[in-house]
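Structure file run.txt (compact mmCIF, C-alpha atoms) follows.
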# COMPACT_ATOMS: atom_id res chain seq x y z
CA MET Z 1 -64.24 -47.60 -47.24
CA THR Z 2 -65.48 -44.99 -44.76
CA HIS Z 3 -67.09 -41.94 -46.37
CA PRO Z 4 -66.31 -38.75 -44.42
CA SER Z 5 -69.56 -36.91 -45.25
CA GLU Z 6 -69.28 -34.67 -42.20
CA LEU Z 7 -65.92 -33.39 -43.42
CA ILE Z 8 -67.34 -32.27 -46.77
CA SER Z 9 -69.58 -29.67 -45.20
CA ALA Z 10 -66.78 -28.43 -42.96
CA TYR Z 11 -64.50 -28.34 -46.01
CA LEU Z 12 -66.85 -26.03 -47.87
CA ASP Z 13 -66.98 -23.82 -44.79
CA GLY Z 14 -63.17 -23.72 -44.67
CA GLU Z 15 -63.24 -25.18 -41.16
CA LEU Z 16 -61.03 -28.23 -41.54
CA THR Z 17 -57.72 -28.66 -39.78
CA GLU Z 18 -54.70 -29.17 -42.02
CA ARG Z 19 -54.71 -32.91 -41.34
CA GLU Z 20 -58.44 -33.26 -42.04
CA HIS Z 21 -58.05 -31.18 -45.17
CA SER Z 22 -55.31 -33.30 -46.72
CA SER Z 23 -57.07 -36.50 -45.67
CA LEU Z 24 -60.27 -35.39 -47.39
CA ILE Z 25 -58.50 -34.23 -50.55
CA ASP Z 26 -56.77 -37.62 -50.79
CA HIS Z 27 -60.06 -39.40 -50.24
CA LEU Z 28 -61.87 -37.38 -52.91
CA GLY Z 29 -59.35 -38.50 -55.52
CA LYS Z 30 -60.23 -42.13 -54.83
CA CYS Z 31 -63.92 -41.98 -54.06
CA GLY Z 32 -66.41 -41.07 -56.76
CA ARG Z 33 -69.34 -41.11 -54.31
CA CYS Z 34 -67.81 -38.43 -52.07
CA SER Z 35 -66.69 -36.35 -55.07
CA VAL Z 36 -70.25 -36.30 -56.35
CA GLU Z 37 -71.51 -35.49 -52.85
CA LEU Z 38 -69.10 -32.55 -52.63
CA ALA Z 39 -70.23 -31.19 -55.99
CA GLU Z 40 -73.92 -31.69 -55.11
CA THR Z 41 -73.53 -30.04 -51.69
CA GLN Z 42 -71.83 -27.09 -53.31
CA ARG Z 43 -74.59 -26.78 -55.91
CA VAL Z 44 -77.26 -26.76 -53.20
CA ARG Z 45 -75.38 -24.09 -51.28
CA SER Z 46 -75.06 -21.94 -54.38
CA ALA Z 47 -78.78 -22.31 -55.04
CA VAL Z 48 -79.66 -21.32 -51.47
CA ARG Z 49 -77.33 -18.34 -51.62
CA SER Z 50 -79.04 -17.12 -54.75
CA LEU Z 51 -82.46 -16.96 -53.05
CA PRO Z 52 -83.75 -13.43 -52.35
CA VAL Z 53 -83.34 -12.11 -48.80
CA LEU Z 54 -86.64 -11.15 -47.12
CA GLU Z 55 -86.81 -8.56 -44.38
CA LEU Z 56 -88.84 -9.45 -41.32
CA PRO Z 57 -91.59 -7.00 -40.39
CA ARG Z 58 -90.99 -5.00 -37.23
CA GLY Z 59 -92.36 -6.59 -34.11
CA ILE Z 60 -91.63 -10.22 -34.97
CA VAL Z 61 -88.24 -10.11 -33.34
CA PRO Z 62 -88.36 -8.59 -29.83
CA GLU Z 63 -86.23 -5.51 -29.53
CA GLY Z 64 -84.05 -5.05 -26.46
CA ASP Z 65 -84.52 -2.14 -24.11
CA ALA Z 66 -82.78 0.89 -25.46
CA VAL Z 67 -79.99 2.18 -23.27
CA ILE Z 68 -79.45 5.91 -23.32
CA ILE Z 69 -75.85 6.92 -22.86
CA PRO Z 70 -75.39 10.56 -21.88
CA LEU Z 71 -73.06 12.51 -24.15
CA HIS Z 72 -70.36 14.28 -22.22
CA LYS Z 73 -69.69 17.74 -23.51
CA HIS Z 74 -67.09 20.36 -22.58
CA LYS Z 75 -63.69 18.82 -23.45
CA GLY Z 76 -61.96 22.13 -23.40
CA LEU Z 77 -62.00 24.98 -25.87
CA TRP Z 78 -58.41 24.58 -27.06
CA ALA Z 79 -58.74 20.90 -27.78
CA GLY Z 80 -61.73 21.70 -29.96
CA VAL Z 81 -59.93 24.46 -31.83
CA ALA Z 82 -56.88 22.24 -32.42
CA ALA Z 83 -59.06 19.43 -33.72
CA ALA Z 84 -60.85 21.83 -36.04
CA VAL Z 85 -57.55 23.15 -37.43
CA VAL Z 86 -56.23 19.63 -38.05
CA ALA Z 87 -59.49 18.66 -39.73
CA ALA Z 88 -59.35 21.76 -41.91
CA VAL Z 89 -55.76 21.02 -43.00
CA ILE Z 90 -56.65 17.44 -43.87
CA ALA Z 91 -59.74 18.55 -45.76
CA ILE Z 92 -57.82 21.14 -47.79
CA ALA Z 93 -55.05 18.63 -48.58
CA ALA Z 94 -57.64 16.09 -49.68
CA LEU Z 95 -59.35 18.67 -51.87
CA VAL Z 96 -56.26 19.92 -53.68
CA THR Z 97 -54.56 16.53 -53.98
CA PRO Z 98 -56.10 14.46 -56.71
CA GLU Z 99 -56.50 10.85 -55.65
CA PRO Z 100 -54.81 8.82 -58.35
CA GLY Z 101 -57.14 6.47 -60.16
CA SER Z 102 -56.67 2.82 -59.56
CA VAL Z 103 -56.48 -0.23 -61.76
CA SER Z 104 -58.41 -3.32 -60.75
CA ILE Z 105 -56.43 -6.53 -60.47
CA ASP Z 106 -59.25 -8.31 -62.34
CA GLU Z 107 -58.47 -6.30 -65.45
CA LEU Z 108 -54.80 -7.25 -65.26
CA ASN Z 109 -55.76 -10.84 -64.53
CA SER Z 110 -57.62 -10.90 -67.81
CA ARG Z 111 -54.57 -9.77 -69.73
CA PHE Z 112 -52.44 -12.37 -67.99
CA GLY Z 113 -55.05 -14.98 -68.90
CA ALA Z 114 -54.92 -14.04 -72.55
CA ARG Z 115 -51.16 -14.22 -72.66
CA VAL Z 116 -50.85 -17.45 -70.71
CA SER Z 117 -53.35 -19.10 -73.05
CA LEU Z 118 -50.65 -18.97 -75.72
CA ASP Z 119 -48.28 -20.83 -73.41
CA PRO Z 120 -47.38 -24.31 -74.73
CA ALA Z 121 -47.94 -25.73 -71.23
CA PHE Z 122 -51.37 -24.07 -70.98
CA GLY Z 123 -54.36 -26.15 -69.95
CA PRO Z 124 -56.42 -26.86 -66.86
CA ALA Z 125 -53.16 -26.86 -64.88
CA LYS Z 126 -52.37 -23.31 -65.89
CA VAL Z 127 -55.61 -21.47 -66.43
CA PRO Z 128 -56.01 -18.56 -63.99
CA VAL Z 129 -59.36 -18.77 -62.24
CA PRO Z 130 -60.59 -15.41 -60.97
CA SER Z 131 -62.56 -15.29 -57.73
CA VAL Z 132 -63.94 -18.81 -57.52
CA GLY Z 133 -62.39 -20.02 -54.27
CA PHE Z 134 -64.51 -20.88 -51.27
CA SER Z 135 -62.01 -20.51 -48.46
CA GLU Z 136 -60.40 -17.21 -49.28
CA MET G 1 -44.90 -29.30 -82.40
CA VAL G 2 -43.33 -27.13 -79.77
CA VAL G 3 -40.88 -28.77 -77.43
CA VAL G 4 -40.94 -26.93 -74.13
CA LEU G 5 -39.56 -29.33 -71.57
CA VAL G 6 -36.59 -31.06 -73.12
CA LEU G 7 -33.22 -31.11 -71.38
CA GLY G 8 -30.54 -33.79 -71.67
CA PRO G 9 -30.50 -36.91 -73.84
CA ALA G 10 -31.45 -39.30 -71.01
CA THR G 11 -34.84 -37.70 -70.61
CA ALA G 12 -35.41 -36.52 -74.15
CA ALA G 13 -37.78 -39.34 -75.09
CA LEU G 14 -39.92 -38.77 -72.00
CA ALA G 15 -39.92 -35.04 -72.57
CA VAL G 16 -41.08 -35.43 -76.15
CA GLU G 17 -43.78 -37.82 -74.98
CA LEU G 18 -44.88 -35.35 -72.32
CA ASP G 19 -44.77 -32.50 -74.77
CA GLU G 20 -47.06 -34.38 -77.14
CA LEU G 21 -49.42 -35.15 -74.28
CA LEU G 22 -49.58 -31.48 -73.27
CA GLU G 23 -50.43 -30.56 -76.83
CA GLN G 24 -53.06 -33.29 -77.10
CA SER G 25 -54.54 -32.32 -73.74
CA ARG G 26 -55.30 -28.87 -75.10
CA SER G 27 -57.60 -30.33 -77.72
CA ALA G 28 -59.09 -33.13 -75.60
CA SER G 29 -62.86 -33.17 -75.12
CA TYR G 30 -64.48 -33.79 -71.76
CA THR G 31 -66.46 -32.38 -68.86
CA ALA G 32 -65.00 -32.45 -65.36
CA GLU G 33 -65.16 -30.89 -61.93
CA GLN G 34 -61.81 -29.85 -60.60
CA ILE G 35 -60.73 -29.12 -57.05
CA ILE G 36 -57.95 -26.61 -56.67
CA SER G 37 -56.28 -26.71 -53.29
CA CYS G 38 -53.28 -24.55 -52.44
CA SER G 39 -51.30 -24.24 -49.22
CA THR G 40 -50.06 -20.67 -49.24
CA PRO G 41 -48.19 -18.57 -46.66
CA ASP G 42 -51.53 -16.79 -46.04
CA GLY G 43 -53.51 -20.00 -45.50
CA VAL G 44 -55.32 -22.58 -47.58
CA ARG G 45 -56.95 -21.40 -50.80
CA ASP G 46 -59.46 -23.77 -52.33
CA GLY G 47 -61.68 -23.66 -55.36
CA LEU G 48 -64.06 -25.94 -57.18
CA VAL G 49 -64.62 -25.34 -60.87
CA ARG G 50 -66.53 -27.08 -63.64
CA ILE G 51 -64.48 -27.51 -66.80
CA GLU G 52 -65.85 -28.16 -70.26
CA GLN G 53 -63.39 -28.54 -73.07
CA ASN G 54 -64.03 -29.32 -76.69
CA GLY G 55 -61.81 -28.78 -79.71
CA GLY G 56 -59.50 -26.25 -78.09
CA GLU G 57 -62.34 -24.27 -76.50
CA LEU G 58 -62.15 -24.29 -72.73
CA ARG G 59 -64.95 -23.07 -70.47
CA LEU G 60 -64.74 -22.83 -66.70
CA THR G 61 -67.70 -22.18 -64.49
CA SER G 62 -67.43 -21.56 -60.80
CA ALA G 63 -69.22 -24.12 -58.67
CA VAL G 64 -69.39 -21.50 -55.92
CA ASP G 65 -70.73 -18.58 -57.85
CA ASP G 66 -72.71 -19.68 -60.88
CA ASP G 67 -72.39 -16.23 -62.39
CA VAL G 68 -68.67 -16.42 -63.03
CA GLU G 69 -67.64 -17.94 -66.30
CA VAL G 70 -64.24 -17.99 -67.92
CA ALA G 71 -63.86 -18.90 -71.56
CA THR G 72 -60.71 -19.19 -73.56
CA GLY G 73 -59.66 -20.25 -77.01
CA ALA G 74 -57.13 -19.25 -79.64
CA GLY G 75 -55.48 -16.54 -77.57
CA THR G 76 -58.74 -14.91 -76.55
CA TRP G 77 -59.79 -14.73 -72.94
CA SER G 78 -63.05 -13.55 -71.43
CA VAL G 79 -64.67 -13.39 -68.01
CA SER G 80 -68.45 -13.06 -67.62
CA ARG G 81 -70.53 -12.32 -64.55
CA GLU G 82 -74.31 -12.33 -64.34
CA GLY G 83 -74.47 -13.14 -68.03
CA GLY G 84 -72.53 -10.04 -69.05
CA LEU G 85 -68.99 -9.79 -70.32
CA VAL G 86 -66.89 -7.97 -67.74
CA SER G 87 -63.46 -8.30 -69.24
CA GLU G 88 -61.81 -9.73 -72.28
CA ALA G 89 -58.40 -9.70 -73.80
CA SER G 90 -56.69 -10.93 -76.88
CA VAL G 91 -53.08 -11.25 -77.83
CA THR G 92 -51.85 -11.80 -81.31
CA SER G 93 -48.55 -13.52 -80.89
CA GLY G 94 -46.50 -15.54 -78.49
CA SER G 95 -43.03 -16.87 -78.18
CA GLU G 96 -41.47 -19.86 -76.52
CA LYS G 97 -38.53 -20.33 -74.29
CA ASP G 98 -35.48 -21.62 -76.17
CA GLU G 99 -33.57 -23.28 -73.37
CA PRO G 100 -35.93 -25.09 -71.02
CA LEU G 101 -35.01 -25.65 -67.39
CA TYR G 102 -37.04 -28.75 -66.72
CA THR G 103 -36.17 -32.41 -66.93
CA VAL G 104 -38.78 -35.13 -67.05
CA GLU G 105 -37.76 -37.82 -64.62
CA ASP G 106 -40.58 -40.27 -64.55
CA GLY G 107 -43.23 -41.69 -66.79
CA ARG G 108 -45.20 -44.36 -64.98
CA ARG G 109 -48.59 -45.95 -65.27
CA VAL G 110 -51.11 -45.00 -62.61
CA GLN G 111 -54.84 -45.30 -62.02
CA PHE G 112 -56.86 -42.11 -61.69
CA LEU G 113 -60.61 -42.17 -60.97
CA GLY G 114 -60.52 -45.85 -61.96
CA ARG G 115 -59.03 -45.08 -65.38
CA ASN G 116 -55.60 -45.76 -66.86
CA ALA G 117 -53.33 -42.77 -66.74
CA MET G 118 -49.67 -41.73 -67.04
CA SER G 119 -47.80 -39.70 -64.45
CA TYR G 120 -44.76 -37.48 -65.15
CA ARG G 121 -42.50 -35.59 -62.75
CA LEU G 122 -40.94 -32.27 -63.73
CA VAL G 123 -37.65 -31.37 -62.05
CA ARG G 124 -35.98 -27.98 -62.13
CA ASP G 125 -32.44 -27.50 -60.77
CA GLY G 126 -32.64 -30.87 -59.04
CA GLU G 127 -35.91 -30.01 -57.28
CA LEU G 128 -39.23 -31.66 -57.96
CA ARG G 129 -41.53 -28.86 -59.15
CA ALA G 130 -44.57 -30.58 -60.64
CA GLU G 131 -46.28 -33.90 -61.19
CA LEU G 132 -48.73 -34.19 -64.06
CA VAL G 133 -51.20 -37.04 -64.64
CA PHE G 134 -52.79 -37.58 -68.05
CA ASP G 135 -55.80 -39.76 -68.78
CA ASP G 136 -54.81 -42.42 -71.33
CA ALA G 137 -57.98 -42.51 -73.38
CA THR G 138 -58.71 -38.79 -73.72
CA ARG G 139 -55.24 -37.30 -73.06
CA ALA G 140 -56.88 -34.92 -70.59
CA LEU G 141 -54.61 -33.53 -67.88
CA VAL G 142 -56.52 -34.85 -64.87
CA GLN G 143 -54.18 -33.88 -62.05
CA ALA G 144 -51.40 -31.35 -61.63
CA THR G 145 -49.46 -31.01 -58.39
CA THR G 146 -46.92 -28.23 -57.96
CA TYR G 147 -44.29 -27.98 -55.25
CA ALA G 148 -42.58 -25.22 -53.27
CA GLY G 149 -39.44 -26.72 -51.77
CA GLU G 150 -40.43 -30.08 -50.33
CA ASP G 151 -44.04 -29.11 -49.77
CA VAL G 152 -47.03 -29.33 -52.06
CA TYR G 153 -48.01 -25.81 -53.11
CA CYS G 154 -51.08 -26.46 -55.24
CA GLN G 155 -52.98 -29.43 -56.45
CA ARG G 156 -55.56 -29.29 -59.22
CA ARG G 157 -57.41 -32.55 -59.41
CA PHE G 158 -60.46 -33.73 -61.29
CA VAL G 159 -62.99 -35.19 -58.88
CA THR G 160 -65.55 -36.04 -61.56
CA PHE G 161 -64.76 -36.82 -65.16
CA ASP G 162 -67.01 -37.42 -68.16
CA PRO G 163 -65.07 -38.18 -71.36
CA GLU G 164 -68.02 -37.29 -73.58
CA ALA G 165 -67.52 -34.17 -75.70
CA PRO G 166 -69.65 -31.33 -74.31
CA GLU G 167 -71.59 -29.02 -76.58
CA LEU G 168 -70.01 -25.61 -76.33
CA GLU G 169 -70.95 -22.37 -77.92
CA VAL G 170 -67.96 -21.05 -79.76
CA THR G 171 -66.28 -18.32 -77.75
CA ALA G 172 -67.03 -14.97 -79.31
CA MET G 173 -63.84 -13.51 -80.64
CA VAL G 174 -62.96 -10.00 -79.65
CA GLU G 175 -64.13 -7.80 -82.50
CA ASP G 176 -61.55 -5.13 -82.08
CA PRO G 177 -58.72 -6.63 -80.06
CA THR G 178 -56.24 -4.29 -78.49
CA VAL G 179 -52.92 -4.89 -80.18
CA PRO G 180 -50.27 -3.57 -77.85
CA SER G 181 -46.96 -2.21 -79.08
CA ALA G 182 -43.73 -3.97 -78.23
CA VAL G 183 -41.47 -2.11 -75.81
CA GLU G 184 -38.09 -1.77 -77.46
CA ASP G 185 -35.97 -0.58 -74.54
CA SER G 186 -37.26 -2.39 -71.52
CA SER G 187 -35.72 -1.60 -68.15
CA LEU G 188 -37.08 -4.84 -66.69
CA PRO G 189 -34.69 -7.76 -66.21
CA ILE G 190 -34.31 -10.20 -69.11
CA GLU G 191 -34.02 -13.12 -66.75
CA VAL G 192 -34.77 -13.56 -63.06
CA ALA G 193 -34.78 -16.73 -60.93
CA GLY G 194 -34.89 -18.87 -64.05
CA PHE G 195 -37.79 -16.92 -65.54
CA GLU G 196 -37.13 -15.43 -68.94
CA ARG G 197 -38.86 -12.30 -70.21
CA LEU G 198 -40.60 -13.47 -73.37
CA ASP G 199 -42.33 -10.29 -74.38
CA HIS G 200 -43.01 -6.74 -73.17
CA TYR G 201 -45.84 -4.59 -74.45
CA VAL G 202 -47.36 -1.20 -73.78
CA ASP G 203 -50.97 -0.34 -74.58
CA ASP G 204 -52.75 2.93 -75.38
CA ASP G 205 -53.53 3.55 -71.70
CA GLY G 206 -49.85 3.49 -70.82
CA VAL G 207 -50.03 0.09 -69.11
CA GLU G 208 -46.85 -1.91 -69.67
CA PHE G 209 -47.09 -5.66 -69.58
CA ALA G 210 -44.11 -8.04 -69.45
CA TYR G 211 -44.58 -11.81 -69.55
CA TYR G 212 -42.08 -14.17 -67.92
CA SER G 213 -41.92 -17.96 -68.06
CA ASP G 214 -39.55 -20.67 -66.92
CA GLY G 215 -41.16 -23.22 -69.24
CA PHE G 216 -43.85 -24.29 -66.79
CA PHE G 217 -44.63 -21.56 -64.27
CA SER G 218 -45.20 -18.05 -65.49
CA PHE G 219 -46.05 -14.56 -64.33
CA ALA G 220 -46.85 -11.15 -65.76
CA LEU G 221 -45.53 -7.86 -64.49
CA PHE G 222 -47.68 -4.79 -65.03
CA GLU G 223 -46.55 -1.20 -64.72
CA THR G 224 -49.49 1.19 -64.64
CA PRO G 225 -49.75 4.97 -64.36
CA SER G 226 -51.97 4.57 -61.28
CA LYS G 227 -52.23 2.39 -58.22
CA VAL G 228 -53.29 -1.25 -58.53
CA THR G 229 -55.87 -2.39 -56.01
CA LEU G 230 -56.26 -5.87 -54.54
CA ASP G 231 -59.66 -6.62 -53.04
CA ASP G 232 -58.37 -8.78 -50.18
CA GLY G 233 -54.67 -8.05 -50.13
CA VAL G 234 -52.52 -8.35 -47.01
CA SER G 235 -49.44 -6.21 -46.40
CA ILE G 236 -46.13 -8.00 -46.25
CA ASP G 237 -42.63 -6.66 -45.68
CA LEU G 238 -39.74 -8.14 -47.64
CA ASP G 239 -36.14 -6.95 -47.86
CA SER G 240 -37.05 -5.10 -51.05
CA GLY G 241 -39.97 -3.26 -49.44
CA ARG G 242 -43.65 -3.45 -48.59
CA TYR G 243 -46.16 -5.16 -50.87
CA GLU G 244 -49.84 -6.02 -50.93
CA ARG G 245 -50.34 -9.71 -51.60
CA GLU G 246 -53.36 -11.84 -52.39
CA PHE G 247 -53.46 -15.57 -52.99
CA THR G 248 -56.38 -17.15 -54.80
CA ALA G 249 -56.76 -20.79 -55.76
CA GLY G 250 -53.80 -21.42 -58.07
CA GLN G 251 -52.58 -17.87 -58.41
CA VAL G 252 -50.83 -15.08 -56.56
CA SER G 253 -51.01 -11.32 -57.06
CA TYR G 254 -48.69 -8.68 -55.64
CA ALA G 255 -49.27 -4.95 -55.95
CA TRP G 256 -47.15 -2.01 -54.89
CA GLU G 257 -46.51 1.62 -55.63
CA THR G 258 -43.40 3.09 -57.18
CA ARG G 259 -42.32 6.65 -57.92
CA GLU G 260 -43.88 6.36 -61.37
CA GLY G 261 -47.17 4.69 -60.50
CA GLY G 262 -48.39 1.21 -59.68
CA VAL G 263 -46.89 -2.19 -60.30
CA ALA G 264 -48.53 -5.61 -60.08
CA LEU G 265 -47.26 -9.13 -60.47
CA VAL G 266 -49.73 -11.88 -61.32
CA GLY G 267 -48.75 -15.51 -61.77
CA ASP G 268 -48.68 -19.13 -60.67
CA LEU G 269 -45.08 -19.29 -59.50
CA PRO G 270 -44.53 -21.09 -56.17
CA PRO G 271 -43.95 -19.02 -53.00
CA ASP G 272 -40.29 -19.97 -52.54
CA LEU G 273 -39.48 -18.05 -55.74
CA HIS G 274 -41.47 -14.89 -54.95
CA GLU G 275 -38.85 -12.95 -53.01
CA GLU G 276 -36.08 -13.40 -55.56
CA VAL G 277 -38.38 -12.36 -58.39
CA LEU G 278 -39.77 -9.32 -56.57
CA ALA G 279 -36.30 -8.12 -55.57
CA ALA G 280 -35.36 -7.83 -59.26
CA MET G 281 -38.42 -5.73 -60.14
CA PRO G 282 -39.00 -1.96 -59.66
CA ALA G 283 -38.75 -1.28 -55.93
CA PRO G 284 -41.71 -0.17 -53.81
CA ASP G 285 -41.79 3.54 -53.04
CA HIS G 286 -44.91 4.77 -51.34
CA ARG G 287 -45.81 8.18 -52.57
CA GLY G 288 -46.85 10.21 -49.56
CA LEU G 289 -49.69 12.68 -49.45
CA PHE G 290 -47.44 15.72 -49.66
CA ARG G 291 -45.39 14.28 -52.51
CA ARG G 292 -48.59 13.69 -54.48
CA TRP G 293 -49.72 17.18 -53.49
CA TRP G 294 -46.45 18.68 -54.70
CA ARG G 295 -46.59 16.70 -57.95
CA SER G 296 -50.16 17.74 -58.57
CA LEU G 297 -49.27 21.43 -58.11
CA PHE G 298 -45.86 21.62 -59.74
CA GLY G 299 -45.59 18.44 -61.82
Could you spell out this file's structure in structure tokens?
Amino acid sequence: MTHPSELISAYLDGELTEREHSSLIDHLGKCGRCSVELAETQRVRSAVRSLPVLELPRGIVPEGDAVIIPLHKHKGLWAGVAAAVVAAVIAIAALVTPEPGSVSIDELNSRFGARVSLDPAFGPAKVPVPSVGFSE
Amino acid sequence: MVVVLVLGPATAALAVELDELLEQSRSASYTAEQIISCSTPDGVRDGLVRIEQNGGELRLTSAVDDDVEVATGAGTWSVSREGGLVSEASVTSGSEKDEPLYTVEDGRRVQFLGRNAMSYRLVRDGELRAELVFDDATRALVQATTYAGEDVYCQRRFVTFDPEAPELEVTAMVEDPTVPSAVEDSSLPIEVAGFERLDHYVDDDGVEFAYYSDGFFSFALFETPSKVTLDDGVSIDLDSGRYEREFTAGQVSYAWETREGGVALVGDLPPDLHEEVLAAMPAPDHRGLFRRWWRSLFG
């Protein structure tokens, strides 16, 4: 049996073609070695992602020459006035119009999860899994 | 025992057998890693989760983000991130569909991860909708494939499996669970696309929650006083209007605005049923800036 190790990394990056994807998924169901490799690779990635990010001191990375772009002024008095009026109208509308609050889908997800857990067909095939995908 | 999948005498024995397996699978004990792979209209959605189940307690941990943990048991549901509880919910009752739509057409021996297993096919209205594979020794549901038309929609498959019972801390029960009130006069449809409305609640915040099931797939419809936000939603236009949609591994969410507020649909129903279901729900109606302005000034 050929073990498609190179596909596992691409799979976790979401870079497989449809054909490669289904071929790998089929293979994983039959091959314990590759399944373990997938889980291990994912664990290593999670561990690396959890490391703190360090900022490099200035001067280590050469900075490119700054390019100064002149700012063109005078676009016309009336255009400026019109823009100011439009901006003022939008600002007033925004101030007097209360933005309705919003409900997060995660909160609703939780309620769906509670209800579906009473479902007779509930189990690993039914359980909603919030935000755990790696190719979304 | 609750029979949820029986239809017709020819398949009754298989359905009862499957029903018993589903019930036993809920109390099976094991540790596994499960791949969830879904082909959705918005692209592939994959996930890898670690499952630990023991005595009806189920704990899922994301293999991508170690901070996310989902625990469920006895109608209680909780999600934790970074060690802290971020949401929890509890419901106190449930009901079951009386007239199931599914027939069980197959019950054959298969091998899964080198172990003996049984495979069953669930058919609805003549269409194959799901294939379930149960491990013989533990009764764990080790693979579930769902279909949209002739195509595979989602597959949840164990890629590692340890039949030893894991040690689990008992899920903390919600101390003061919100007990929503039943909505007596619901304006939502009783039945749509084979999905039956099983219950409809409203809570103290004015959020209405209706639960629909066809015996296998299910979804919830929420009506909220304010807009529902999807983090990575895409806009789609259907005959019934414009919606925001987001697929995750194994689940779909739709959100839209109506004259009264926000509406969201969350569920695991396959994509070929979405449009019919959405068309029967409150129609999208985007409240413009000036309408909101007018309402805020004059009610």
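Coordinates place CA of Val252 in chain G at a distance of 19.1 Å from CA of Ser102 in chain Z.
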Q. Given the choices G:Glu257, G:Phe247, G:Asp268, G:Val263, which gets closest to Pro284 in chain G if the distance is worked out from all atoms listed in the file?
A. G:Glu257
Q: Could you tell me how far CA of Val44 in chain G lies from CA of Arg59 in chain G, in Å and to one decimal?
A: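 Going from CA of Val44 in chain G over to CA of Arg59 in chain G, I get 24.8 Å.
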Q.
Could you tell me how far CA of Gln34 in chain G sits from CA of Arg157 in chain G, in Å to one decimal place?
A.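 Taking CA of Arg157 in chain G as the start and CA of Gln34 in chain G as the end point, the length is 5.3 Å.
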(Q) Quick check: residues of chain G within 6 Å of chain Z, only C-alpha atoms, returned as JSON, numbers by chain. (A) {"G": [26, 45, 46, 47, 62, 64, 75, 76, 77, 89, 90, 144, 159, 226, 227, 228, 229, 230, 249, 293]}
Q: Compile the contact shell of Gln143 in chain G as a PyMOL selection string: residues with an atom at most 12 Å away, counting only C-alpha atoms, same-chain residues fewer than 3 positions apart removed.
A: (chain Z and resi 29+123-126) or (chain G and resi 25+32-37+110-113+117-121+130-135+139-140+146+154-161)
Q | Neighbour list for Val68 in chain G as a PyMOL selection string, cut-off 7 Å, all atoms listed in the file, skip fewer than 5 positions in-chain | A | chain G and resi 61-62+80-81
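Proximity ranking of Z:Ala87, Z:Leu24, Z:Ala10, Z:Ala82 relative to Thr41 in chain Z places Z:Ala10 first, based on all atoms listed in the file.
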Q: Taking the point (-60.8, -21.6, -69.3) as given in the file, collect each protein or nucleic acid residue that comes within 6 Å of it, counting all atoms listed in the file, and present the set as a list of chain:residue names.
A: Z:Val127, G:Leu58, G:Arg59, G:Leu60, G:Val70, G:Ala71, G:Thr72
Could you take the residues named above and write them with C-alpha atoms, as a PDB file, keeping the file's coordinate frame?
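Written file, out33.pdb:
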ATOM      1  CA  VAL Z 127     -55.610 -21.470 -66.430  1.00  0.00           C
TER       2      VAL Z 127
ATOM      3  CA  LEU G  58     -62.150 -24.290 -72.730  1.00  0.00           C
ATOM      4  CA  ARG G  59     -64.950 -23.070 -70.470  1.00  0.00           C
ATOM      5  CA  LEU G  60     -64.740 -22.830 -66.700  1.00  0.00           C
ATOM      6  CA  VAL G  70     -64.240 -17.990 -67.920  1.00  0.00           C
ATOM      7  CA  ALA G  71     -63.860 -18.900 -71.560  1.00  0.00           C
ATOM      8  CA  THR G  72     -60.710 -19.190 -73.560  1.00  0.00           C
TER       9      THR G  72
END
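Close contacts of range 204-220 of chain G, defined as residues with an atom at most 6 Å away when counting all atoms listed in the file, with chain neighbours fewer than 5 positions off set aside, comprise G:Pro100, G:Gly194, G:Phe195, G:Glu196, G:Arg197, G:Leu198, G:Asp199, G:Leu265, G:Val266, G:Gly267, G:Asp268, G:Leu269.
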Q) In terms of the shortest atom-to-atom distance over all atoms listed in the file, which of G:Val123, G:Leu141, G:Val152, G:Val79 is closest to Ser39 in chain G? A)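 Of G:Val123, G:Leu141, G:Val152, G:Val79, the one nearest Ser39 in chain G is G:Val152, counting all atoms listed in the file.
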